[in-house]
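Participant: This is the structure I want to talk about, given as C-alpha cells.
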Amino acid sequence: MSRKVIPFVVAFVLVCLVMAVAALFSFSGLAKAEKFGASKIWSQSYNTAESMKVINLMSDDNDELFIQNANNVTIFDGGGNVLFTKDYQYPKTTLGDVNGDNREDLVVFYLGDLGYSVDTIIDGQVSTLAQSLTVGLPARVAILRFPSGPQIVLGDSGGGLQSLSLSGQPLWNYSVGGEEIRGLDDALINGQTHLAAASHDGSVVVLDEDGQKVWETDQESLRRMRAFDFNSDGNSEILTGGEFGAFVALSATDGSQIYSQGMGQAVSEIREVELNGEPSSREFVVGGKDGGVWAFSMNGGAVNQMWTGSLSDKVTEISGIDVDGDGTEEAVIGDDSGTVAVFTGDGTRNNLENHSTGITRIDVGRLNGERYVVIADYSEVQVNKVNFNSIPGFQYTPLVVGVIVSAFILIIAAILASIPKKPELKVSFQDKSKESLEAERRMLKESIADVERLRKSGEVTGDAYLARLKRLRGDLADNEAAFKTAGFPIKVETIQCPNCGGTLELGMDKCEYCGQALLS
Amino acid sequence: MELIFCGGFIVVLIVFFYLFNTARKRVNETTSLGKKQLLPVYISLADKPAAIIQGMNKLRLDVNKTEKAGDKWRWIPMLIFFAGVALMLIDVILSLLGYFSFVFTGGGVALWIAAIVMARGLRKSDSYDFSTRYNGTRDILFTLRDDLKPDSTYLGHLDLTGSLLPTKVARSANDAQGRTTEYFRDEWLALKAKLYDGSVLRVSGIQKSKKRKSYWKRSRISGKMKSKPEKFKGTAHDLKVRIVPNPEVYKISNTSAEFKQGLNIGKFTISQFSTEGGMISFVANSPFEEVEYENILQVLKSAYTLLQRKAA
C-alpha cells in the first residue's frame with residue numbers, strides 16, 4: 001500500500017472509533033450537564049426533629065409544617081411563623097383523620113402527669129384522648145383504618161402494643177418481643193388492613209383488627225420495618241432492615257421471604273421513591289449506617305437492584321422528590337454529617353449545600369403556594385427551594401467533540417502523508433557495465449584478502465574481523481547478483497547461510513557467523 | 001483526590017515538555033562519550049565520478065528535503081496540545097458553573113494522544129548532521145575525477161556508520177586492574193582508482209580509537225561498589241596509500257624533498273614508506289580525530305613527486 005495512503009487508512013479507522021465512542025456517549029445519555037441547587041427561603045431553630053411533615057393541619061386551605069422532637073410539637077405556617085407549639089415528655093406522633101372531616105389530625109402519644117397519655121391536636125386545639133394507659137415508654141404510634149373502623153395503635157419501648165378506639169377506649173394489647181418497637185405500619189392482606197409491627201429484637205408480627213396474630217417471625221435485630229403494597233395486588237410486602245445488614249422483604253400474607261440481601265452494614269432507613277416514573281413498578285431506596293445507598297425496583301413480585309451509591313456517614317433520611325419536574329422522583333438523602341445529596345434515577349449523585357450538623361428529617365410540600373423541600377438537622381429546620389438546571393442539547397456534545405478530534409486526526413494524517421520517505425542511508429552507487437562489475441569484484445576480493453591479512457597479523461581479531469568479512473562477502477554476493485541481472489556470465493562464489501542469512505564463500509562446511517553446519 | 005491531581009499534573013508536564021522538545025529543532029545530540037551524533041551513512045562506491053557525486057548530492061538533498069518537510073509542521077503538535085487544553089478548560093468552566101462534565105476532557109486527552117503520535121511521526125523525519133567526511137570524500141572524488149581513466153569507475157566504500165561500533169573492535173586488552181580497553185579500527189574510506197596514466201591508486205582512511213569500558217570499583221572511602229563510566233582514551237588517523245605506477249610511463253625515485261619518512265604534510269606525518277616491488281606504499285599518521293580532505297590530497301600530491309616521467 002502506498003505510503004501516502006496508509007496514514008489516511010489509519011486515520012479513517014481512528015475516526016470511526018472516535019465517532020463510535022462519541023455516539024455511544026451521546027445516545028446512551030451518559031453525557032449530560034445537570035445540576036441541582038437549593039436556596040434557603042427561611043429557617044427556624046428546632047433541634048433534633050424526630051418527625052416532620054408538610055400537611056394541612058389547621059382549618060384553612062394551606063399546608064403547614066408540622067415538626068416534633070423529643071420534647072415538643074410545633075406547627076409552623078408557610079412563612080415560618082409558629083402557629084402552634086406545646087411541650088411534651090417523650091412524645092411520639094402520627095397523622096390521621098381522627099374526627100372524620102377528611103383532613104389529617106395530629107395524635108400525640110406521650111408521658112403525661114397521669115401516666116402515658118394520648119392527645120389529639122385538631123386545628124390547633126389540644127384535647128386528651130386517653131390517660132393512665134397500661135403501656136411503656138412511647139416508641140411508635142400509628143392510626144390504622146381497619147375494616148371495622150380506625151384504631152390508634154401505640155407501641156412502647158418494651159415491645160408492647162396497645163390499641164385504642166378513636167374515643168380513647170383500650171381495645172386490645174399485644175407484646176412483640178421484649179425490646180423497643182421499631183416499626184408500626186399498615187399492611188394489606190387480601191385488601192384488608194392489618195397491623196405490621198416489629199421490635200428491635202427481630203420479632204415481626206402481623207395482627208388483625210382484634211389484635212389476633214396472623215403470623216409472626218424472628219430474624220436478626222431490626223432497625224427499620226416498613227410495609228408497602230408494591231404490586232397493588234392487595235397484599236403488602238414488608239421490608240425489614242437489620243442491625244447486621246440483612247435487608248429482607250416478606251410477604252404480608254404469610255410472612256414468607258420474597259427477597260433477602262446482606263448489605264454489609266446496618267440498614268438505617270428504607271423509603272419508597274418513584275425513581276423511574278414507571279407506574280407498574282415501584283422503587284425503594286435503602287440507606288446504610290456507613291453511608292451505603294441502594295436502589296431497588298419491585299416489578300411483578302421480583303426485587304432487582306437498580307444502582308448503588310454512597311454518602312460519607314450514616315444515612316439518616318431518604319425522601320422522594322420530583323426536583324426537575326419530569327414526573328420521576330429523585331432520592332434526596334441526608335446523612336449524619338450534614339450532607340444532603342440528590343440521587344437521580346440512574347444513581348448519579350448531585351450534592352446540595354451541606355448542613356453544619358447531621359440531617360434528621362427531609363420532606364417536600366407546598367408552603368405559601370410554592371413547592372419547597374424542608375430539611376431538619378440537629379439544630380434547625382430549613383425551608384429550601386430546590387432547583388434543577390441542565391444545558392439543553394448537551395447530550396450531543398460528545399458528537400461535536402468527536403468531530404473536532406476526527407478533524408485533527410485527518411489533519412495529522414494529511415501532514416504525515418505529505419512528508420517524504422526518509423532516504424536509505426546504505427547506498428550503493430554501482431555502474432552496471434561488465435568492466436565495472438569485474439573491477440568491483442576484484443576490489444572486493446582484494447579487500448577480503450586485506451582483512452584476512454590483518455587478521456593474520458593480529459591487527460583485527462574476533463567480531464570486527466567477522467563483521468567486516470560478512471559485509472564484504474555480502475557486497476560480493478550483491479556483485480554476483482548484479483552480474484546475473486545484467487545477463488553477464490559469472491561463476492558464483494558465495495552461498496547464504498540458511499540459519500543466519502550471512503554470506504559465505506562457496507565450499508565452506510560451517511557458517512563462520514552462527515556455527516551452522518552446511519551441506520553444499 | 002490530591003494524588004490524582006498530582007499524577008495528572010505530572011502527566012501534563014511530561015506531555016508538554018515532550019511536545020515542546022519535539023517542536024524545537026533537534027539540537028546536536030551527543031553519544032555517551034560526548035561525541036556528536038552524526039548521520040550513519042554507508043556508501044558502496046563502484047561507479048563513475050559524476051554518478052557518485054550526483055548520487056551523494058542527491059542523498060544529501062533527499063535527507064534535507066525530508067527534514068524540511070517535517071520542520072514545516074514542527075509546532076503543530078504543540079498547537080494540538082493547546083487545543084486539548086482549551087477543550088479541557090470548557091469542562092473546568094462547566095464545573096465552575098456547577099455542572100459535572102468529562103466530555104471535553106476526554107476530547108482533550110484524545111487530542112493529546114494525537115499530538116504525541118504526530119510528534120513521533122515528525123521526529124522520524126529528523127536527521128542528524130552529515131559528517132564532514134561525507135563532503136570531504138565527495139570533494140576528493142571530485143578533485144580526482146579528471147585523473148581517472150576514461151570509462152573507469154571508483155571502487156571502494158565510504159563508511160560513516162560510526163567509529164566506535166562493536167563490530168569495529170579490532171582487539172581488546174585487560175590491564176592489571178582487570179579493566180578492559182577496546183581498540184577500534186574503522187576503515188571509513190577505501191578507494192581504488194585506475195588513473196589516466198595507467199597507474200592504480202589505492203587509498204584507505206583508517207581511524208584508530210581506544211575506549212576503556214565501564215567497570216565496577218569499590219570505593220576506598222565508603223567501601224561501596226561504584227560503576228565507573230566508559231572513557232574515551234584517544235584517537236588517531238592512518239592514511240594508507242599504495243600507488244602502482246605504469247612502468248611504461250614512470251620510474252620511481254627513492255627520494256624526494258617533498259616526500260620522505262618523518263616528513264610532516266598538513267596534519268599527517270609519513271611514518272612508513274616503501275618503494276619496493278615497483279610500487280609506492282606508505283602510511284601517514286595524524287593524531288587528529290578529523291583530517292580535512294585537503295590534507296589527504298596534499299599527501300597524495302606529495303607522493304606523486306616520487307614519480308618521474310620517462311622520456312618518450
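By order of appearance in the C-alpha cells: chains A, B, ..., then residues from 1 within every chain, and ligands from 1 in the order shown.
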Report as a ChimeraX atom specification the set of chain A residues whose atoms approach chain B to within 7 Å, with distances computed over only C-alpha atoms.

Facilitator: /A:31,33-35,398,401,405,409,412,416,419-423,425-431,436,440,443,459-461,463-464,467

Participant: Write a file of the selected residues as a compact mmCIF listing (two decimals), in the first residue's frame, keeping C-alpha atoms.

Facilitator:
# COMPACT_ATOMS: atom_id res chain seq x y z
CA ALA A 31 -23.16 12.78 28.68
CA ALA A 33 -24.71 18.61 32.24
CA GLU A 34 -27.15 18.80 35.09
CA LYS A 35 -27.02 20.45 38.47
CA PRO A 398 -19.68 14.07 22.51
CA VAL A 401 -16.04 16.76 20.36
CA VAL A 405 -10.95 15.18 17.33
CA ILE A 409 -6.77 13.20 13.21
CA ILE A 412 -2.40 14.95 11.22
CA LEU A 416 2.30 12.87 7.94
CA ILE A 419 6.34 14.15 4.49
CA PRO A 420 8.53 12.25 2.03
CA LYS A 421 10.05 8.95 3.00
CA LYS A 422 13.39 9.19 4.69
CA PRO A 423 16.08 8.08 2.22
CA LEU A 425 21.33 5.53 4.39
CA LYS A 426 23.01 2.40 3.00
CA VAL A 427 23.52 3.35 -0.60
CA SER A 428 25.29 1.65 -3.44
CA PHE A 429 26.45 3.60 -6.48
CA GLN A 430 27.12 0.85 -8.96
CA ASP A 431 27.92 1.04 -12.64
CA SER A 436 32.91 -2.02 -13.82
CA GLU A 440 34.38 -4.09 -8.28
CA MET A 443 38.39 -4.80 -5.43
CA GLU A 459 45.62 -6.17 13.79
CA VAL A 460 41.99 -7.27 13.65
CA THR A 461 40.50 -10.09 15.68
CA ASP A 463 33.92 -9.89 15.89
CA ALA A 464 35.44 -7.00 13.93
CA ALA A 467 31.72 -8.24 10.71

Participant: Would you mind reading off the distance between CA of Val374 in chain A and CA of Asp326 in chain A, one decimal, in Å?

Facilitator: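 Between CA of Val374 in chain A and CA of Asp326 in chain A the gap is 20.3 Å.
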
Participant: Pick out the residues sitting within 12 Å of Leu195 in chain B, and hand them over as a ChimeraX atom specification; count only C-alpha atoms, and ignore anything fewer than 5 positions along from it in its own chain.

Facilitator: /B:144-154,200-202,243-246

Participant: Compare B:Ser209, B:Asn264, B:Ser253, B:Thr275 by their minimum atom-to-atom distance to Glu289 in chain B, counting only C-alpha atoms, and give me the closest one.

Facilitator: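 Going through B:Ser209, B:Asn264, B:Ser253, B:Thr275 one by one, the smallest distance to Glu289 in chain B is for B:Ser209.
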
Participant: Kindly indicate which residue among A:Leu83, A:Ala482, A:Leu17, A:Leu518 lies nearest to Cys500 in chain A, using only C-alpha atoms for the distances.

Facilitator: A:Leu518

Participant: Mind giving me the straight-line distance from CA of Asn387 in chain A to CA of Ile321 in chain A in Å, one decimal?

Facilitator: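 Taking CA of Asn387 in chain A as the start and CA of Ile321 in chain A as the end point, the length is 11.4 Å.
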
Participant: Can you tell me, as JSON, numbers by chain, what residues are no more than 9 Å from Asp129 in chain B when counting only C-alpha atoms, ignoring any on the same chain fewer than 3 positions away?

Facilitator: {"B": [28, 37, 38, 39, 132]}

Participant: Put those residues in a file: N, CA and C atoms, as a PDB file, in the first residue's frame.

Facilitator:
ATOM      1  N   ASN B  28      22.295  19.472  18.607  1.00  0.00           N
ATOM      2  CA  ASN B  28      23.363  18.488  18.461  1.00  0.00           C
ATOM      3  C   ASN B  28      23.313  17.483  19.600  1.00  0.00           C
ATOM      4  N   GLN B  37      26.436  13.165  17.593  1.00  0.00           N
ATOM      5  CA  GLN B  37      25.755  12.138  16.794  1.00  0.00           C
ATOM      6  C   GLN B  37      25.713  12.584  15.334  1.00  0.00           C
ATOM      7  N   LEU B  38      26.146  11.695  14.458  1.00  0.00           N
ATOM      8  CA  LEU B  38      26.156  12.033  13.032  1.00  0.00           C
ATOM      9  C   LEU B  38      25.319  11.021  12.266  1.00  0.00           C
ATOM     10  N   LEU B  39      24.935  11.408  11.074  1.00  0.00           N
ATOM     11  CA  LEU B  39      24.087  10.547  10.252  1.00  0.00           C
ATOM     12  C   LEU B  39      24.868   9.293   9.846  1.00  0.00           C
ATOM     13  N   THR B 132      31.563  15.607   8.386  1.00  0.00           N
ATOM     14  CA  THR B 132      32.373  16.436   7.471  1.00  0.00           C
ATOM     15  C   THR B 132      33.111  15.548   6.463  1.00  0.00           C
TER      16      THR B 132
END

Participant: Mind checking DSSP for range 387-503 of chain A and telling me the alpha helix (DSSP H) residues as a VMD selection string?

Facilitator: chain A and resid 397 to 418 434 to 456 462 to 486

Participant: Just the residues within 9 Å of Ile189 in chain A, please, counting only C-alpha atoms, with nothing from its chain fewer than 4 positions along; format it as a ChimeraX atom specification.

Facilitator: /A:193-194,234-236,252-253

Participant: Counting only C-alpha atoms, which residue out of B:Phe282, B:Tyr196, B:Phe20, B:Trp216 sits closest to Val241 in chain B?

Facilitator: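 Closest candidate: B:Phe282.
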
Participant: Rounded to one decimal place, report the CA of His200 in chain A-CA of Ala246 in chain A distance in Å.

Facilitator: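 Interatomic distance, CA of His200 in chain A to CA of Ala246 in chain A: 13.4 Å.
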
Participant: At a cut-off of 8 Å, using only C-alpha atoms, what residues contact Ser260 in chain A? Leave out same-chain residues fewer than 2 positions from it and give the result as a list in words.

Facilitator: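 Close residues of Ser260 in chain A: Ala246, Phe247, Val248, Ala249, Gln257, Ile258 and Gly262 of chain A.
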
Participant: Limited to C-alpha atoms, could you put the picked residues into a file as a PDB file, in the first residue's frame?

Facilitator:
ATOM      1  CA  ALA A 246     -29.845  -8.087  56.476  1.00  0.00           C
ATOM      2  CA  PHE A 247     -32.365  -6.492  54.136  1.00  0.00           C
ATOM      3  CA  VAL A 248     -35.408  -8.760  53.868  1.00  0.00           C
ATOM      4  CA  ALA A 249     -38.686  -8.492  52.007  1.00  0.00           C
ATOM      5  CA  GLN A 257     -39.451 -14.409  52.464  1.00  0.00           C
ATOM      6  CA  ILE A 258     -39.575 -12.810  48.995  1.00  0.00           C
ATOM      7  CA  GLY A 262     -26.779  -8.740  53.042  1.00  0.00           C
TER       8      GLY A 262
END

Participant: Neighbours of range 64-78 of chain A within 8 Å (only C-alpha atoms; same-chain residues fewer than 3 positions away dropped), as a ChimeraX atom specification?

Facilitator: /A:47-58,81-93,367-368

Participant: If you run DSSP on the backbone here, which positions in range 358-479 of chain A get strand (DSSP E or B)? Please write them as a VMD selection string.

Facilitator: chain A and resid 359 to 367 370 to 377 380 to 390 426 to 430

Participant: Let me see the file: selected residues, C-alpha atoms, as a short mmCIF file (atom, residue, chain, number, x, y, z; two decimals), in the first residue's frame.

Facilitator:
data_model
loop_
_atom_site.label_atom_id
_atom_site.label_comp_id
_atom_site.auth_asym_id
_atom_site.auth_seq_id
_atom_site.Cartn_x
_atom_site.Cartn_y
_atom_site.Cartn_z
CA ILE A 359 -29.68 15.68 58.91
CA THR A 360 -32.68 14.29 60.83
CA ARG A 361 -35.69 14.70 58.53
CA ILE A 362 -36.42 15.72 54.95
CA ASP A 363 -39.88 16.36 53.47
CA VAL A 364 -41.33 18.10 50.49
CA GLY A 365 -44.57 20.05 50.23
CA ARG A 366 -46.33 23.22 49.21
CA LEU A 367 -45.95 26.16 51.58
CA GLU A 370 -44.67 27.20 46.45
CA ARG A 371 -43.18 23.74 46.41
CA TYR A 372 -40.37 23.55 48.94
CA VAL A 373 -38.01 20.97 50.37
CA VAL A 374 -37.86 21.11 54.13
CA ILE A 375 -34.68 19.84 55.76
CA ALA A 376 -34.34 19.46 59.50
CA ASP A 377 -30.98 18.95 61.13
CA GLU A 380 -32.73 23.97 62.90
CA VAL A 381 -35.35 23.41 60.27
CA GLN A 382 -34.74 24.92 56.84
CA VAL A 383 -37.22 25.52 54.07
CA ASN A 384 -35.44 25.42 50.70
CA LYS A 385 -36.37 25.99 47.13
CA VAL A 386 -34.61 23.22 45.22
CA ASN A 387 -33.92 23.89 41.58
CA PHE A 388 -32.67 21.87 38.69
CA ASN A 389 -30.69 23.18 35.73
CA SER A 390 -29.44 21.43 32.65
CA LYS A 426 23.01 2.40 3.00
CA VAL A 427 23.52 3.35 -0.60
CA SER A 428 25.29 1.65 -3.44
CA PHE A 429 26.45 3.60 -6.48
CA GLN A 430 27.12 0.85 -8.96
#
